[in-house]
$ cat final_30.cif   # mmCIF, C-alpha atoms
data_protein
#
loop_
_atom_site.group_PDB
_atom_site.id
_atom_site.type_symbol
_atom_site.label_atom_id
_atom_site.label_comp_id
_atom_site.auth_asym_id
_atom_site.auth_seq_id
_atom_site.Cartn_x
_atom_site.Cartn_y
_atom_site.Cartn_z
ATOM 1 C CA MET A 297 74.408 99.818 95.871
ATOM 2 C CA ASP A 298 77.173 101.803 94.216
ATOM 3 C CA ALA A 299 80.142 103.298 96.089
ATOM 4 C CA ALA A 300 78.842 106.888 96.001
ATOM 5 C CA GLN A 301 75.516 105.825 97.524
ATOM 6 C CA ALA A 302 77.277 103.771 100.189
ATOM 7 C CA LEU A 303 79.449 106.765 101.135
ATOM 8 C CA GLU A 304 76.397 109.008 101.216
ATOM 9 C CA GLU A 305 74.763 106.571 103.612
ATOM 10 C CA LEU A 306 77.963 106.471 105.699
ATOM 11 C CA ALA A 307 78.022 110.261 105.940
ATOM 12 C CA GLU A 308 74.391 110.236 107.100
ATOM 13 C CA LEU A 309 74.865 107.474 109.665
ATOM 14 C CA SER A 310 78.248 108.323 111.137
ATOM 15 C CA SER A 311 78.545 111.671 112.856
ATOM 16 C CA GLN A 312 82.261 111.068 113.460
ATOM 17 C CA VAL A 313 83.427 110.624 109.863
ATOM 18 C CA ASP A 314 84.505 113.908 108.263
ATOM 19 C CA ARG A 315 85.710 112.684 104.878
ATOM 20 C CA ALA A 316 85.923 109.259 103.265
ATOM 21 C CA VAL A 317 87.084 107.702 100.002
ATOM 22 C CA VAL A 318 86.693 104.264 98.488
ATOM 23 C CA ILE A 319 89.782 103.133 96.601
ATOM 24 C CA ARG A 320 89.934 100.542 93.834
ATOM 25 C CA ALA A 321 92.511 97.726 93.880
ATOM 26 C CA ASP A 322 94.611 99.690 91.344
ATOM 27 C CA GLY A 323 94.804 102.687 93.709
ATOM 28 C CA SER A 324 92.396 104.991 91.899
ATOM 29 C CA VAL A 325 89.539 106.715 93.701
ATOM 30 C CA LEU A 326 86.204 104.982 93.151
ATOM 31 C CA ALA A 327 84.097 107.434 95.149
ATOM 32 C CA ALA A 328 84.480 110.156 97.758
ATOM 33 C CA THR A 329 82.240 111.954 100.195
ATOM 34 C CA PRO A 330 81.302 115.415 98.940
ATOM 35 C CA ASP A 331 83.798 117.892 100.341
ATOM 36 C CA ASP A 332 83.462 121.383 98.974
ATOM 37 C CA ALA A 333 86.559 122.802 100.648
ATOM 38 C CA ALA A 334 89.099 120.207 99.508
ATOM 39 C CA GLY A 335 87.338 118.935 96.380
ATOM 40 C CA ALA A 336 88.798 116.215 94.164
ATOM 41 C CA ALA A 337 92.336 117.122 95.224
ATOM 42 C CA GLY A 338 91.361 116.433 98.835
ATOM 43 C CA ALA A 339 90.013 112.994 97.898
ATOM 44 C CA GLU A 340 93.204 112.197 95.977
ATOM 45 C CA ARG A 341 95.321 113.327 98.932
ATOM 46 C CA LEU A 342 93.322 111.155 101.331
ATOM 47 C CA ALA A 343 93.594 108.143 99.000
ATOM 48 C CA ARG A 344 97.353 108.634 98.596
ATOM 49 C CA ALA A 345 97.857 108.929 102.358
ATOM 50 C CA ALA A 346 95.765 105.785 102.912
ATOM 51 C CA LEU A 347 97.765 103.744 100.388
ATOM 52 C CA ASP A 348 101.065 105.008 101.804
ATOM 53 C CA LEU A 349 99.839 104.099 105.287
ATOM 54 C CA VAL A 350 99.012 100.547 104.182
ATOM 55 C CA ALA A 351 102.443 100.227 102.523
ATOM 56 C CA THR A 352 104.173 101.472 105.683
ATOM 57 C CA ALA A 353 102.094 99.120 107.874
ATOM 58 C CA PHE A 354 102.976 96.229 105.549
ATOM 59 C CA ASP A 355 106.679 96.911 106.148
ATOM 60 C CA LEU A 356 106.205 96.773 109.935
ATOM 61 C CA HIS A 357 105.252 93.092 109.952
ATOM 62 C CA GLY A 358 108.091 90.600 110.143
ATOM 63 C CA THR A 359 106.682 88.392 107.408
ATOM 64 C CA PRO A 360 104.763 89.576 104.337
ATOM 65 C CA GLN A 361 101.212 89.794 105.565
ATOM 66 C CA GLU A 362 98.251 91.621 104.065
ATOM 67 C CA VAL A 363 97.106 94.639 106.056
ATOM 68 C CA SER A 364 93.413 94.562 106.908
ATOM 69 C CA ARG A 365 93.134 97.723 109.002
ATOM 70 C CA VAL A 366 95.223 100.691 110.080
ATOM 71 C CA ASP A 367 94.159 103.537 112.313
ATOM 72 C CA VAL A 368 96.279 106.442 113.440
ATOM 73 C CA GLU A 369 94.964 108.823 116.079
ATOM 74 C CA LEU A 370 96.659 112.206 116.231
ATOM 75 C CA GLY A 371 95.987 115.459 118.006
ATOM 76 C CA GLU A 372 94.402 116.988 114.887
ATOM 77 C CA GLY A 373 92.228 113.955 114.088
ATOM 78 C CA ALA A 374 92.341 110.315 113.136
ATOM 79 C CA LEU A 375 92.841 108.442 109.884
ATOM 80 C CA PHE A 376 91.253 105.025 109.427
ATOM 81 C CA VAL A 377 91.937 102.584 106.606
ATOM 82 C CA VAL A 378 89.937 99.364 106.278
ATOM 83 C CA ARG A 379 90.503 96.796 103.521
ATOM 84 C CA GLU A 380 88.127 94.049 102.552
ATOM 85 C CA GLY A 381 87.412 92.088 99.407
ATOM 86 C CA GLY A 382 89.932 93.945 97.237
ATOM 87 C CA ARG A 383 88.512 97.346 98.154
ATOM 88 C CA THR A 384 89.902 99.918 100.528
ATOM 89 C CA ILE A 385 88.044 102.611 102.410
ATOM 90 C CA ALA A 386 89.799 105.486 104.145
ATOM 91 C CA ALA A 387 88.222 108.064 106.420
ATOM 92 C CA THR A 388 89.248 110.967 108.584
ATOM 93 C CA THR A 389 87.574 111.923 111.854
ATOM 94 C CA GLY A 390 88.073 114.564 114.483
ATOM 95 C CA PRO A 391 90.262 113.973 117.547
ATOM 96 C CA ARG A 392 89.463 111.134 119.969
ATOM 97 C CA PRO A 393 86.991 109.138 117.872
ATOM 98 C CA THR A 394 85.184 105.990 119.044
ATOM 99 C CA THR A 395 87.467 103.614 117.160
ATOM 100 C CA GLY A 396 85.276 100.499 117.235
ATOM 101 C CA LEU A 397 82.244 102.370 116.005
ATOM 102 C CA VAL A 398 84.083 104.078 113.134
ATOM 103 C CA VAL A 399 85.652 100.793 112.000
ATOM 104 C CA TYR A 400 82.233 99.085 112.131
ATOM 105 C CA ASP A 401 80.702 101.869 110.012
ATOM 106 C CA LEU A 402 83.527 101.678 107.451
ATOM 107 C CA ARG A 403 83.292 97.890 107.206
ATOM 108 C CA THR A 404 79.532 98.095 106.751
ATOM 109 C CA CYS A 405 80.003 100.718 104.038
ATOM 110 C CA LEU A 406 82.445 98.471 102.138
ATOM 111 C CA GLN A 407 80.088 95.525 102.395
ATOM 112 C CA ARG A 408 77.197 97.552 101.014
ATOM 113 C CA ILE A 409 79.104 98.377 97.828
ATOM 114 C CA GLY A 410 78.108 96.029 95.065
ATOM 115 C CA GLU A 411 75.389 94.545 97.202
ATOM 116 C CA GLU A 412 72.343 93.829 95.105
ATOM 117 C CA PRO A 413 69.222 95.516 96.381
ATOM 118 C CA LYS A 414 66.882 92.889 97.680
ATOM 119 C CA PRO A 415 64.264 92.174 95.041
ATOM 120 C CA LYS A 416 60.762 92.964 96.075
ATOM 121 C CA ARG A 417 58.596 89.960 96.419
ATOM 122 C CA ARG A 418 56.057 89.894 93.741
ATOM 123 C CA ARG A 419 53.001 87.859 94.103
ATOM 124 C CA ALA A 420 52.509 85.575 91.178
ATOM 125 C CA ALA A 421 49.555 86.617 89.164
ATOM 126 C CA ARG A 422 46.730 84.282 89.740
ATOM 127 C CA LYS A 423 45.692 82.353 86.785
ATOM 128 C CA PRO A 424 42.066 82.703 86.091
ATOM 129 C CA GLU A 425 40.459 79.585 87.330
ATOM 130 C CA GLU A 426 39.402 77.457 84.519
ATOM 131 C CA ASP A 427 35.940 76.188 84.693
ATOM 132 C CA GLY A 428 35.875 72.478 84.452
ATOM 133 C CA GLU A 429 34.074 71.592 81.316
ATOM 134 C CA MET B 12 103.281 117.482 161.443
ATOM 135 C CA ARG B 13 100.432 119.535 160.084
ATOM 136 C CA ARG B 14 102.760 121.198 157.561
ATOM 137 C CA LEU B 15 103.967 117.797 156.372
ATOM 138 C CA LEU B 16 100.397 116.583 155.931
ATOM 139 C CA ARG B 17 99.555 119.699 153.955
ATOM 140 C CA LEU B 18 102.610 119.133 151.748
ATOM 141 C CA VAL B 19 101.596 115.530 151.054
ATOM 142 C CA VAL B 20 98.058 116.586 150.115
ATOM 143 C CA LEU B 21 99.375 119.322 147.819
ATOM 144 C CA ALA B 22 101.810 116.928 146.142
ATOM 145 C CA GLY B 23 98.974 114.423 145.609
ATOM 146 C CA LEU B 24 96.775 117.088 144.067
ATOM 147 C CA ALA B 25 99.577 118.242 141.785
ATOM 148 C CA ILE B 26 100.193 114.665 140.551
ATOM 149 C CA TRP B 27 96.467 114.117 139.958
ATOM 150 C CA ALA B 28 96.187 117.377 138.019
ATOM 151 C CA TRP B 29 99.250 116.538 135.918
ATOM 152 C CA ARG B 30 97.875 113.108 135.002
ATOM 153 C CA ALA B 31 94.407 114.471 134.290
ATOM 154 C CA LEU B 32 95.555 117.315 132.060
ATOM 155 C CA VAL B 33 98.854 116.304 130.470
ATOM 156 C CA GLY B 34 98.687 112.504 130.718
ATOM 157 C CA ARG B 35 95.307 112.325 128.989
ATOM 158 C CA HIS B 36 96.574 114.406 126.091
ATOM 159 C CA GLU B 37 99.665 112.227 125.686
ATOM 160 C CA HIS B 38 97.598 109.058 125.406
ATOM 161 C CA SER B 39 95.292 110.515 122.759
ATOM 162 C CA GLU B 40 97.872 109.687 120.097
ATOM 163 C CA ARG B 41 98.301 106.073 119.086
ATOM 164 C CA ALA B 42 98.277 103.834 116.054
ATOM 165 C CA SER B 43 97.158 100.271 115.512
ATOM 166 C CA VAL B 44 97.573 97.889 112.609
ATOM 167 C CA SER B 45 95.688 94.632 111.999
ATOM 168 C CA TYR B 46 96.824 91.975 109.566
ATOM 169 C CA ALA B 47 94.999 89.318 107.577
ATOM 170 C CA ASP B 48 96.462 86.527 109.742
ATOM 171 C CA GLY B 49 94.685 87.996 112.774
ATOM 172 C CA SER B 50 97.757 89.559 114.357
ATOM 173 C CA SER B 51 97.796 93.210 115.338
ATOM 174 C CA ILE B 52 100.170 95.769 116.785
ATOM 175 C CA VAL B 53 99.552 98.910 118.799
ATOM 176 C CA LEU B 54 102.101 101.703 118.565
ATOM 177 C CA GLU B 55 102.587 104.527 121.024
ATOM 178 C CA PRO B 56 104.202 107.925 120.413
ATOM 179 C CA GLY B 57 107.949 107.833 120.750
ATOM 180 C CA SER B 58 108.460 104.630 118.787
ATOM 181 C CA ALA B 59 110.008 104.895 115.326
ATOM 182 C CA ALA B 60 107.145 102.894 113.787
ATOM 183 C CA PHE B 61 104.531 105.253 115.238
ATOM 184 C CA GLU B 62 106.383 108.293 113.909
ATOM 185 C CA ARG B 63 106.489 106.750 110.424
ATOM 186 C CA LEU B 64 102.744 106.049 110.426
ATOM 187 C CA ALA B 65 101.927 109.435 111.972
ATOM 188 C CA GLY B 66 104.035 111.216 109.343
ATOM 189 C CA VAL B 67 102.079 109.521 106.564
ATOM 190 C CA ALA B 68 98.693 110.048 108.260
ATOM 191 C CA ARG B 69 99.319 113.790 108.671
ATOM 192 C CA GLY B 70 99.333 113.999 104.869
ATOM 193 C CA ALA B 71 95.605 113.224 104.888
ATOM 194 C CA PHE B 72 94.796 116.319 106.898
ATOM 195 C CA GLY B 73 96.207 118.730 104.382
ATOM 196 C CA PRO B 74 99.068 121.214 104.436
ATOM 197 C CA SER B 75 97.478 123.287 107.200
ATOM 198 C CA ALA B 76 97.690 120.374 109.626
ATOM 199 C CA ARG B 77 101.344 119.637 108.931
#
$ encode --input "final_30.cif" --output "structure tokens"
Amino acid sequence: MDAAQALEELAELSSQVDRAVVIRADGSVLAATPDDAAGAAGAERLARAALDLVATAFDLHGTPQEVSRVDVELGEGALFVVREGGRTIAATTGPRPTTGLVVYDLRTCLQRIGEEPKPKRRRAARKPEEDGE
Amino acid sequence: MRRLLRLVVLAGLAIWAWRALVGRHEHSERASVSYADGSSIVLEPGSAAFERLAGVARGAFGPSAR
């Protein structure tokens, strides 16, 4: 499944997620949820905020340690950043989200990216039985 | 005695209302960070670390939210 499809599925499944972006390891935006009001600039802004948040969270730890998740809940809404397997997903929600559920949805979305669709089982064509001669 | 009792009840109600209305709002803001080694921190408003994270996070909500 590609990143755009995974985000589409996330938007369908999670009623709490307003906007989301998947960010490549180099910091560029891989895919974003469709957002007519903010457009591409909105996705870039969300990605930049997510990367800055990870950098700030990295500085908070005493020893250099990779950040796997950051969530900040504010009066106007919440920002979640989840990192796994070299990819980062960031999402905004409204105020007072169900944190565990949102994080689970984001993690699932990341795991779906690059996942090969399960091949359909095909029954082997039967060989025509040979008549014993 | 009855006046004192009434005062105590009123004070109790005022404290309950304060906690229910203002206290709940205060606790709606928080931040948490998890690291690859399994450690995590939870930050509450008022701490310098929370204000740093909140300042960055507000950027995601656009100029109108700032």
$ residues_around --input "final_30.cif" --residues "Asp48 (chain B)" --least-positions-apart "6" --cutoff "9 Å" --atoms "all atoms listed in the file" --output "JSON, numbers by chain"
{"A": [361, 362, 363]}
$ interface_residues --input "final_30.cif" --of "chain B" --to "chain A" --cutoff "8 Å" --atoms "only C-alpha atoms" --output "MDAnalysis selection string"
chainID B and resid 39:48 60 63:65 67:68 70:73 76
$ atom_distance --input "final_30.cif" --atom1 "CA of Glu308 (chain A)" --atom2 "CA of Asp322 (chain A)"
27.7 Å
$ atom_distance --input "final_30.cif" --atom1 "CA of Glu55 (chain B)" --atom2 "CA of Leu306 (chain A)"
29.1 Å
$ residues_around --input "final_30.cif" --residues "Gly358 (chain A)" --least-positions-apart "6" --cutoff "12 Å" --atoms "only C-alpha atoms" --output "list in words"
Tyr46, Ser50, Ser51 and Ile52 of chain B
$ residues_around --input "final_30.cif" --residues "Met297 (chain A)" --least-positions-apart "2" --cutoff "6 Å" --atoms "all atoms listed in the file" --output "PyMOL selection string"
chain A and resi 409-411
$ atom_distance --input "final_30.cif" --atom1 "CA of Asp401 (chain A)" --atom2 "CA of Val53 (chain B)"
21.0 Å
$ closest_residue --input "final_30.cif" --among "A:Ala321, A:Thr329, A:Thr404, A:Ala337" --to "Gly382 (chain A)" --atoms "all atoms listed in the file"
A:Ala321
$ decode --input "final_30.cif" --residues "region 13-72 of chain B" --atoms "C-alpha atoms" --output "mmCIF file, in the first residue's frame"
data_model
loop_
_atom_site.group_PDB
_atom_site.id
_atom_site.type_symbol
_atom_site.label_atom_id
_atom_site.label_comp_id
_atom_site.auth_asym_id
_atom_site.auth_seq_id
_atom_site.Cartn_x
_atom_site.Cartn_y
_atom_site.Cartn_z
ATOM 1 C CA ARG B 13 -26.695 26.833 61.293
ATOM 2 C CA ARG B 14 -24.951 29.793 59.636
ATOM 3 C CA LEU B 15 -21.582 28.079 60.027
ATOM 4 C CA LEU B 16 -22.925 24.886 58.471
ATOM 5 C CA ARG B 17 -24.333 26.863 55.567
ATOM 6 C CA LEU B 18 -20.960 28.575 55.089
ATOM 7 C CA VAL B 19 -19.134 25.235 55.030
ATOM 8 C CA VAL B 20 -21.554 23.827 52.446
ATOM 9 C CA LEU B 21 -21.201 26.933 50.274
ATOM 10 C CA ALA B 22 -17.405 26.815 50.487
ATOM 11 C CA GLY B 23 -17.470 23.121 49.506
ATOM 12 C CA LEU B 24 -19.690 23.846 46.530
ATOM 13 C CA ALA B 25 -17.460 26.708 45.419
ATOM 14 C CA ILE B 26 -14.343 24.481 45.569
ATOM 15 C CA TRP B 27 -16.104 21.706 43.638
ATOM 16 C CA ALA B 28 -17.256 24.153 40.963
ATOM 17 C CA TRP B 29 -13.771 25.653 40.654
ATOM 18 C CA ARG B 30 -12.168 22.229 40.204
ATOM 19 C CA ALA B 31 -14.836 21.083 37.764
ATOM 20 C CA LEU B 32 -14.687 24.157 35.549
ATOM 21 C CA VAL B 33 -11.201 25.640 35.827
ATOM 22 C CA GLY B 34 -9.181 22.624 36.994
ATOM 23 C CA ARG B 35 -10.380 20.441 34.124
ATOM 24 C CA HIS B 36 -9.376 23.063 31.584
ATOM 25 C CA GLU B 37 -5.914 23.433 33.117
ATOM 26 C CA HIS B 38 -5.220 19.713 32.858
ATOM 27 C CA SER B 39 -6.249 19.535 29.203
ATOM 28 C CA GLU B 40 -2.802 20.775 28.203
ATOM 29 C CA ARG B 41 0.108 18.384 28.477
ATOM 30 C CA ALA B 42 2.912 16.900 26.441
ATOM 31 C CA SER B 43 4.572 13.511 26.459
ATOM 32 C CA VAL B 44 7.677 12.193 24.756
ATOM 33 C CA SER B 45 8.702 8.548 24.312
ATOM 34 C CA TYR B 46 12.198 7.449 23.394
ATOM 35 C CA ALA B 47 13.585 4.405 21.617
ATOM 36 C CA ASP B 48 15.103 3.061 24.858
ATOM 37 C CA GLY B 49 11.607 2.797 26.346
ATOM 38 C CA SER B 50 11.863 5.846 28.588
ATOM 39 C CA SER B 51 9.244 8.570 28.473
ATOM 40 C CA ILE B 52 8.531 11.935 30.037
ATOM 41 C CA VAL B 53 5.286 13.769 30.679
ATOM 42 C CA LEU B 54 5.375 17.555 30.796
ATOM 43 C CA GLU B 55 2.803 19.825 32.373
ATOM 44 C CA PRO B 56 2.124 23.497 31.608
ATOM 45 C CA GLY B 57 4.404 25.819 33.499
ATOM 46 C CA SER B 58 7.591 23.866 32.873
ATOM 47 C CA ALA B 59 10.128 25.333 30.452
ATOM 48 C CA ALA B 60 10.243 22.083 28.453
ATOM 49 C CA PHE B 61 6.465 22.077 27.980
ATOM 50 C CA GLU B 62 6.502 25.685 26.788
ATOM 51 C CA ARG B 63 9.200 24.849 24.226
ATOM 52 C CA LEU B 64 7.224 21.900 22.843
ATOM 53 C CA ALA B 65 3.937 23.827 22.931
ATOM 54 C CA GLY B 66 5.524 26.743 21.058
ATOM 55 C CA VAL B 67 6.648 24.407 18.283
ATOM 56 C CA ALA B 68 3.340 22.492 18.190
ATOM 57 C CA ARG B 69 1.323 25.708 17.803
ATOM 58 C CA GLY B 70 3.080 26.169 14.457
ATOM 59 C CA ALA B 71 1.151 23.173 13.117
ATOM 60 C CA PHE B 72 -2.187 24.848 13.687
#
